[in-house]
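Let me begin by presenting the structure, written as structure tokens, before commenting on it.
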Amino acid sequence: MKPHLLLLAVGIALLVALPFLLSQGLVNAAIQMLIAALFGCAYNLLCGQGGMLSFGHAAYFGVGAFATVHAMNALGGAGLLPTPLMPIAGAAGGLCFGAMAGYFATKRSGTYFAMITLAIAELVHSLAPHLKNLFGGEAGVSSTRMPAWGLSFGSTNEVYYLTLAWVLVSLALLFLFTRTPLGRLTLGLRENGHRLRFLGYDTHRLSVIVFAISAMFSGVAGGLQVMNNEAANYAVFDPGLSAAVVLNTYIGGVQAFLGPALGAALMTFFGYAVSDLTQSWLLYQGSLFVLVMMFMPTGLAGLLGAVGQLHRRFGLAALLPLLLLSLGAALLLSAGGAFAIEMLQRVFSQDYRAMAATNPAMPWPPIPLFGRAWSPVAAATWLLPMALLAGGGWLGRLAKRRMGALESRADAAPQPALGTMDNRQRRPA
């Protein structure tokens, strides 16, 4: 079996076993990670595959969510479809709305396309609170998962496996689409749409099809969100959701099919784990996005691919010191940056100013952080993050030199003569 297929099989087996390994709270977080992964891959079909940067993809996620919740409430609460098939309603809603919006948005390209998608999403977000019959106003629309196929869908584990099944099927369909002739033409839209038009292809129709398919699977993700929450409100149209899918996709890597899934899963878990620990978690997320765009434009998936190429080129023994130096630099830089950010956030917070005002004798009270109290006016408090950052920078320079030495060694290695050839490669004259 090929290594990537083996890795994929191991990943699926791990996903199947997760409910037996995690608590119910973490299983619910895993559901959110799966939904975010599907949403990211659906968005990447439009952005990474087709080269069309959308700033308003939350609109199709939200339409799919409301289509699903209304399908759950149809026929007096019995449901328009059996519960396991309810995301089909989300797919239909996302497909129809995506085809209509895509028809107008794809008449332009580049910045104009991005602005049109943003305008459509803002329009829906503004209208949703006022269309109470459709979107339920501020309270939203709620529903209940009905038993079907011998399952009650009352437990988190059953919802997890339903979500996992839909995500795996949707990702498989998306991958198969990228291998079809139409999916290959989508790459042409990204690389050179003018040449496709010169060859006789209707690029506008092709763009609308790709837009609609991306919106359809975004609607499936929205439907799964409703299946999990049993409710939907106009917050699903929030611009923050559109921004999050862009960040997750580029952090994961737009050039790899599962790159957005990796980025979405990691960033969703990061938000779940860190949001209760610090008020600055959005700053960390934004900083990570900036660092990825500056130093790893191919994303985390591209980084893993680069490590694999280095392993095949130099071997594990030569690569291990480089990996250890890079990991040490990343840890020290992260620790120093996190310490400085958390200290500054607390120093400038309103709670700290109020605490200082209540005790004039101590205008700079110590700040509890990481298990001990730190004085914000003590030199040692700020020397620590500076030392961590300096150590991380030094290890980073060592890693860069190590990489340069490996490259120099590879360039200096003797190359086989052009006239020499293995007997198996010789061809009769």
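We name chains A, B, ... following the order of the structure tokens; residues begin at 1 in each chain, and ligands are numbered from 1 as shown.
Contact shell of Phe177 of chain A at 12 Å (only C-alpha atoms; same-chain neighbours under 2 positions omitted): Ala42, Leu45, Gln49, Ser170, Leu171, Ala172, Leu173, Leu174, Phe175, Arg179, Thr180, Pro181, Leu182, Gly183, Arg184, Leu185, Thr186, Leu187, Ile209, Val210, Ile213, Ser214 and Phe257 of chain A.
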Selection export as a PDB file, in the first residue's frame, atoms kept: C-alpha atoms:
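And here's part.pdb as it stands now:
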```
ATOM      1  CA  ALA A  42     -15.438  23.255  -0.038  1.00  0.00           C
ATOM      2  CA  LEU A  45     -12.444  24.236  -4.432  1.00  0.00           C
ATOM      3  CA  GLN A  49      -8.577  25.132  -7.256  1.00  0.00           C
ATOM      4  CA  SER A 170     -18.378  14.860   0.881  1.00  0.00           C
ATOM      5  CA  LEU A 171     -14.583  14.976   0.869  1.00  0.00           C
ATOM      6  CA  ALA A 172     -14.476  11.892  -1.350  1.00  0.00           C
ATOM      7  CA  LEU A 173     -16.891  13.519  -3.813  1.00  0.00           C
ATOM      8  CA  LEU A 174     -14.877  16.734  -3.801  1.00  0.00           C
ATOM      9  CA  PHE A 175     -11.683  14.802  -4.468  1.00  0.00           C
ATOM     10  CA  ARG A 179      -9.971  14.340 -10.962  1.00  0.00           C
ATOM     11  CA  THR A 180     -12.678  14.820 -13.591  1.00  0.00           C
ATOM     12  CA  PRO A 181     -12.092  16.757 -16.841  1.00  0.00           C
ATOM     13  CA  LEU A 182     -14.245  19.547 -15.426  1.00  0.00           C
ATOM     14  CA  GLY A 183     -12.121  19.608 -12.289  1.00  0.00           C
ATOM     15  CA  ARG A 184      -8.965  19.825 -14.401  1.00  0.00           C
ATOM     16  CA  LEU A 185     -10.455  22.739 -16.323  1.00  0.00           C
ATOM     17  CA  THR A 186     -10.957  24.459 -12.969  1.00  0.00           C
ATOM     18  CA  LEU A 187      -7.182  24.643 -12.659  1.00  0.00           C
ATOM     19  CA  ILE A 209     -20.529  25.542 -11.936  1.00  0.00           C
ATOM     20  CA  VAL A 210     -17.471  25.589  -9.686  1.00  0.00           C
ATOM     21  CA  ILE A 213     -20.507  23.107  -6.261  1.00  0.00           C
ATOM     22  CA  SER A 214     -18.411  24.889  -3.655  1.00  0.00           C
ATOM     23  CA  PHE A 257      -6.452  18.878  -1.166  1.00  0.00           C
TER      24      PHE A 257
END
```
According to DSSP computed on the backbone, where in segment 42-107 of chain A is there alpha helix (DSSP H)? Give the residues as a ChimeraX atom specification. /A:42-44,58-73,87-105
Selection from above, N, CA and C atoms, as an mmCIF file, in the first residue's frame, can you write it?
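File selection.cif, as written:
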```cif
data_model
loop_
_atom_site.group_PDB
_atom_site.id
_atom_site.type_symbol
_atom_site.label_atom_id
_atom_site.label_comp_id
_atom_site.auth_asym_id
_atom_site.auth_seq_id
_atom_site.Cartn_x
_atom_site.Cartn_y
_atom_site.Cartn_z
ATOM 1 N N ALA A 42 -14.471 22.736 0.928
ATOM 2 C CA ALA A 42 -15.438 23.255 -0.038
ATOM 3 C C ALA A 42 -15.031 24.646 -0.510
ATOM 4 N N TYR A 43 -14.562 25.470 0.406
ATOM 5 C CA TYR A 43 -14.101 26.801 0.022
ATOM 6 C C TYR A 43 -12.860 26.717 -0.858
ATOM 7 N N ASN A 44 -11.986 25.768 -0.574
ATOM 8 C CA ASN A 44 -10.746 25.662 -1.339
ATOM 9 C C ASN A 44 -11.001 25.246 -2.791
ATOM 10 N N ALA A 58 -19.641 32.547 4.052
ATOM 11 C CA ALA A 58 -20.560 32.228 5.139
ATOM 12 C C ALA A 58 -22.011 32.279 4.676
ATOM 13 N N ALA A 59 -22.296 33.015 3.597
ATOM 14 C CA ALA A 59 -23.677 33.108 3.109
ATOM 15 C C ALA A 59 -24.213 31.742 2.717
ATOM 16 N N TYR A 60 -23.406 30.909 2.081
ATOM 17 C CA TYR A 60 -23.867 29.609 1.592
ATOM 18 C C TYR A 60 -23.878 28.584 2.722
ATOM 19 N N PHE A 61 -22.952 28.738 3.662
ATOM 20 C CA PHE A 61 -22.998 27.953 4.891
ATOM 21 C C PHE A 61 -24.295 28.223 5.640
ATOM 22 N N GLY A 62 -24.656 29.517 5.770
ATOM 23 C CA GLY A 62 -25.868 29.879 6.496
ATOM 24 C C GLY A 62 -27.136 29.467 5.793
ATOM 25 N N VAL A 63 -27.180 29.612 4.458
ATOM 26 C CA VAL A 63 -28.372 29.187 3.715
ATOM 27 C C VAL A 63 -28.566 27.681 3.864
ATOM 28 N N GLY A 64 -27.469 26.924 3.802
ATOM 29 C CA GLY A 64 -27.580 25.486 4.025
ATOM 30 C C GLY A 64 -28.073 25.153 5.416
ATOM 31 N N ALA A 65 -27.629 25.938 6.411
ATOM 32 C CA ALA A 65 -28.080 25.701 7.782
ATOM 33 C C ALA A 65 -29.583 25.937 7.916
ATOM 34 N N PHE A 66 -30.092 27.042 7.377
ATOM 35 C CA PHE A 66 -31.516 27.330 7.515
ATOM 36 C C PHE A 66 -32.364 26.401 6.651
ATOM 37 N N ALA A 67 -31.845 25.996 5.491
ATOM 38 C CA ALA A 67 -32.586 25.018 4.692
ATOM 39 C C ALA A 67 -32.738 23.718 5.457
ATOM 40 N N THR A 68 -31.717 23.331 6.181
ATOM 41 C CA THR A 68 -31.775 22.084 6.948
ATOM 42 C C THR A 68 -32.724 22.196 8.128
ATOM 43 N N VAL A 69 -32.672 23.309 8.854
ATOM 44 C CA VAL A 69 -33.538 23.426 10.028
ATOM 45 C C VAL A 69 -35.004 23.508 9.624
ATOM 46 N N HIS A 70 -35.309 24.141 8.484
ATOM 47 C CA HIS A 70 -36.690 24.158 8.017
ATOM 48 C C HIS A 70 -37.124 22.781 7.521
ATOM 49 N N ALA A 71 -36.195 22.035 6.933
ATOM 50 C CA ALA A 71 -36.521 20.666 6.519
ATOM 51 C C ALA A 71 -36.779 19.786 7.736
ATOM 52 N N MET A 72 -36.085 20.033 8.838
ATOM 53 C CA MET A 72 -36.315 19.270 10.064
ATOM 54 C C MET A 72 -37.683 19.584 10.668
ATOM 55 N N ASN A 73 -38.158 20.830 10.483
ATOM 56 C CA ASN A 73 -39.457 21.228 11.043
ATOM 57 C C ASN A 73 -40.623 20.969 10.098
ATOM 58 N N PRO A 87 -28.872 16.659 5.777
ATOM 59 C CA PRO A 87 -27.922 17.563 5.113
ATOM 60 C C PRO A 87 -28.134 17.700 3.610
ATOM 61 N N ILE A 88 -28.924 16.807 3.010
ATOM 62 C CA ILE A 88 -29.246 16.970 1.590
ATOM 63 C C ILE A 88 -29.995 18.281 1.374
ATOM 64 N N ALA A 89 -30.857 18.653 2.341
ATOM 65 C CA ALA A 89 -31.562 19.929 2.234
ATOM 66 C C ALA A 89 -30.577 21.092 2.269
ATOM 67 N N GLY A 90 -29.548 20.990 3.118
ATOM 68 C CA GLY A 90 -28.523 22.020 3.149
ATOM 69 C C GLY A 90 -27.753 22.093 1.845
ATOM 70 N N ALA A 91 -27.488 20.924 1.250
ATOM 71 C CA ALA A 91 -26.795 20.908 -0.040
ATOM 72 C C ALA A 91 -27.640 21.567 -1.115
ATOM 73 N N ALA A 92 -28.961 21.282 -1.119
ATOM 74 C CA ALA A 92 -29.847 21.877 -2.119
ATOM 75 C C ALA A 92 -29.929 23.393 -1.945
ATOM 76 N N GLY A 93 -30.038 23.846 -0.686
ATOM 77 C CA GLY A 93 -30.091 25.289 -0.440
ATOM 78 C C GLY A 93 -28.808 25.986 -0.857
ATOM 79 N N GLY A 94 -27.655 25.404 -0.497
ATOM 80 C CA GLY A 94 -26.389 26.003 -0.884
ATOM 81 C C GLY A 94 -26.192 26.005 -2.391
ATOM 82 N N LEU A 95 -26.638 24.922 -3.062
ATOM 83 C CA LEU A 95 -26.479 24.837 -4.514
ATOM 84 C C LEU A 95 -27.319 25.887 -5.228
ATOM 85 N N CYS A 96 -28.576 26.022 -4.835
ATOM 86 C CA CYS A 96 -29.463 26.981 -5.505
ATOM 87 C C CYS A 96 -28.997 28.416 -5.285
ATOM 88 N N PHE A 97 -28.708 28.753 -4.029
ATOM 89 C CA PHE A 97 -28.280 30.125 -3.763
ATOM 90 C C PHE A 97 -26.901 30.393 -4.354
ATOM 91 N N GLY A 98 -26.023 29.387 -4.313
ATOM 92 C CA GLY A 98 -24.695 29.556 -4.887
ATOM 93 C C GLY A 98 -24.735 29.753 -6.391
ATOM 94 N N ALA A 99 -25.665 29.043 -7.081
ATOM 95 C CA ALA A 99 -25.785 29.214 -8.528
ATOM 96 C C ALA A 99 -26.262 30.626 -8.863
ATOM 97 N N MET A 100 -27.223 31.140 -8.085
ATOM 98 C CA MET A 100 -27.715 32.501 -8.352
ATOM 99 C C MET A 100 -26.647 33.552 -8.049
ATOM 100 N N ALA A 101 -26.017 33.441 -6.881
ATOM 101 C CA ALA A 101 -24.996 34.424 -6.527
ATOM 102 C C ALA A 101 -23.774 34.299 -7.435
ATOM 103 N N GLY A 102 -23.412 33.063 -7.762
ATOM 104 C CA GLY A 102 -22.248 32.857 -8.605
ATOM 105 C C GLY A 102 -22.436 33.384 -10.017
ATOM 106 N N TYR A 103 -23.675 33.382 -10.516
ATOM 107 C CA TYR A 103 -23.921 33.890 -11.861
ATOM 108 C C TYR A 103 -23.515 35.360 -11.972
ATOM 109 N N PHE A 104 -23.807 36.129 -10.932
ATOM 110 C CA PHE A 104 -23.465 37.553 -10.962
ATOM 111 C C PHE A 104 -22.010 37.782 -10.544
ATOM 112 N N ALA A 105 -21.546 37.059 -9.515
ATOM 113 C CA ALA A 105 -20.201 37.309 -9.002
ATOM 114 C C ALA A 105 -19.130 36.960 -10.022
#
```
DSSP strand (DSSP E or B) selection over segment 47-284 of chain A, as an NGL selection string: :A and (141-142 or 148 or 151 or 231-232)
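Taking atom CA of Leu80 of chain A and atom CA of Ala212 of chain A as endpoints, the distance between them is 23.0 Å.
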